[in-house]
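Before any comments, here is the structure.
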Amino acid sequence: MSNPNTLNTGAVATWLTAHLEGFSGPLTAEKFAQGQSNPTYLLKTPARNYVLRRKPAGVLLKSAHAVEREFRVQKALAGSAVPVAQMHALCEDDSVIGSAFYVMEAVQGRVFAEPTLPQLAPEARHAVMEEMNRVLAAIHDVDIAAAGLSDYGPEGNYYARQISRWARQYEASQTADIPDMTALIDWLQSNLPADDGQRTLVHGDYRIDNLLFAPDSARIRAVLDWELSTIGHPYADLAAVIMQWSMPQGAEGRGLQGVDRARHGLMTDDAFIAAYCARRGLPQIENFGFYLAFSYFRMGAILQGVLKRALDGNASSPDQARRLGAYVPAFASAGLKAARTVT
């Protein structure tokens, strides 16, 4: 079986020489520690650096790890109000390194691993969160027809198809019976909100550690990790931010649980939601608990897939994958708690 942590740099260099104008080796690669789903590497050459994203090794669930979609959406967003890295080349030939991959610009900037932002002063923390809010609204305001993305996701109820998709993914990667997850799936399927007509680009995994900030300011230079992006309903992204903040503090939880946000210069959930609505000219969001419950469910299903890959020997970071997989019951329980707030 292929080792998901290795990259055939010789094969990559040969392919890039033929497909990327101006490329010249020799080439070395360093794997980024973050990123459970699609292994990511910094490619170094004497002239310049690049970043490579590939599908993981092994048997994959249908529609998962879609690096081709990542490449397409970021290429479509070039020059828009949404900051993205420049896309260089996409290889869909599995024979080159064993899976599809793409190569993009290596953007210089800062990644904040945790939303507590301990390395920043309180006023700087607020500016970072405001910028995070601004870019989220920009993603949802993209003119999908003008960007050539009208067919990037199917028509119809976004939540119905997402719940169906992730329920199937969860069942395909299930390793133990989790009654709360079964109950949460049933509740979500029975409590779909009415269609409000919003059909936008959604990122699918919008959180602070997927954003690359300028070295000397709060400006976002690139939104990363578009694997779960599609055309859908914007409140899923908004709820995912709030869901992430409810997690415990620290490198693993990457949340704001128990933090005195006013004291530390961090926006509250309500303030973030209000700023988002103001930017998009939207009224107050009713029954936000549904969108929050959905976010907990989807993250639980994603982590179940991460755990299954670890058990199958295909995880990018096996030990971390096992630790993250252990949180699936907690996400299911939190989802049911959010569901109980819906009237």
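Residue numbers start at 1 in each chain; chains themselves are named A, B, ... in the order of the structure tokens; ligands are numbered from 1 in the order shown.
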
Open item on the list: Give me the residues near Glu171 of chain A as an NGL selection string, where near means some atom within 12 Å (using only C-alpha atoms) and where sequence neighbours in that chain fewer than 5 positions away do not count.
Closed with: :A and (61 or 163-166 or 176-178 or 181-182 or 185 or 300-302 or 304-305 or 308)

Open item on the list: Neighbouring residues of Tyr291 of chain A were defined as those with any atom within 7 Å, considering only C-alpha atoms; residues of the same chain fewer than 4 positions away were excluded. Please report them as a list in words.
Closed with: Tyr235, Ala236, Ala239 and Ser295 of chain A

Could those residues be written to a file, using all heavy atoms, as an mmCIF file, in the first residue's frame?
```
data_model
loop_
_atom_site.group_PDB
_atom_site.id
_atom_site.type_symbol
_atom_site.label_atom_id
_atom_site.label_comp_id
_atom_site.auth_asym_id
_atom_site.auth_seq_id
_atom_site.Cartn_x
_atom_site.Cartn_y
_atom_site.Cartn_z
ATOM 1 N N TYR A 235 -25.810 29.814 5.460
ATOM 2 C CA TYR A 235 -25.817 29.709 6.918
ATOM 3 C C TYR A 235 -25.053 28.482 7.412
ATOM 4 O O TYR A 235 -24.678 28.409 8.583
ATOM 5 C CB TYR A 235 -27.246 29.669 7.451
ATOM 6 C CG TYR A 235 -28.052 30.930 7.184
ATOM 7 C CD1 TYR A 235 -29.438 30.951 7.348
ATOM 8 C CD2 TYR A 235 -27.434 32.104 6.765
ATOM 9 C CE1 TYR A 235 -30.180 32.099 7.108
ATOM 10 C CE2 TYR A 235 -28.170 33.256 6.518
ATOM 11 C CZ TYR A 235 -29.542 33.247 6.691
ATOM 12 O OH TYR A 235 -30.273 34.385 6.449
ATOM 13 N N ALA A 236 -24.800 27.538 6.523
ATOM 14 C CA ALA A 236 -24.003 26.374 6.928
ATOM 15 C C ALA A 236 -22.582 26.798 7.271
ATOM 16 O O ALA A 236 -21.991 26.322 8.253
ATOM 17 C CB ALA A 236 -24.000 25.330 5.808
ATOM 18 N N ALA A 239 -22.725 28.909 10.590
ATOM 19 C CA ALA A 239 -22.920 28.034 11.751
ATOM 20 C C ALA A 239 -21.670 27.222 12.059
ATOM 21 O O ALA A 239 -21.374 26.925 13.220
ATOM 22 C CB ALA A 239 -24.110 27.103 11.512
ATOM 23 N N SER A 295 -24.161 21.534 11.516
ATOM 24 C CA SER A 295 -22.701 21.668 11.522
ATOM 25 C C SER A 295 -22.049 20.628 12.431
ATOM 26 O O SER A 295 -21.016 20.045 12.078
ATOM 27 C CB SER A 295 -22.300 23.081 11.970
ATOM 28 O OG SER A 295 -22.703 24.039 11.013
#
```

- [ ] Could you pull out the residues in segment 87-264 of chain A that DSSP calls strand (DSSP E) from the backbone, as a list in words?
- [x]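 Residues meeting the strand (DSSP E) criterion: Met87, His88, Ala89, Leu90, Cys91, Phe101, Tyr102, Val103, Met104, Glu105, Thr200, Leu201, Val202, Leu211, Leu212, Phe213, Ile220, Arg221, Ala222, Val223, Thr230, Ile231 and Gly232 of chain A.
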
Open item on the list: Show me, as a PyMOL selection string, the residues that have an atom within 10 Å of segment 110-116 of chain A when counting only C-alpha atoms, minus same-chain residues fewer than 2 positions from it.
Closed with: chain A and resi 34+107-108+118-120+122+125+128-129+207-218+220-221+244-245+249-257+259+261+264-266

TODO: Check the smallest atom-to-atom distance from each of A:Ala33, A:Leu7, A:Ala222, A:Val306 to Gly79 of chain A using only C-alpha atoms, then report the winner.
DONE: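 Under the stated criterion, the closest residue is A:Ala222.
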
Task: Shortest interatomic distance to Gly98 of chain A - which of A:Asn133, A:Ala66, A:Thr6, A:Ile144, counting only C-alpha atoms - done: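 The closest residue to Gly98 of chain A is A:Thr6.
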
TODO: If you run DSSP over the backbone, which residues in segment 177-308 of chain A end up helix (DSSP H, G or I)? Put them as an MDAnalysis selection string.
DONE: chainID A and resid 179:190 208:210 235:245 261:264 269:280 288:308
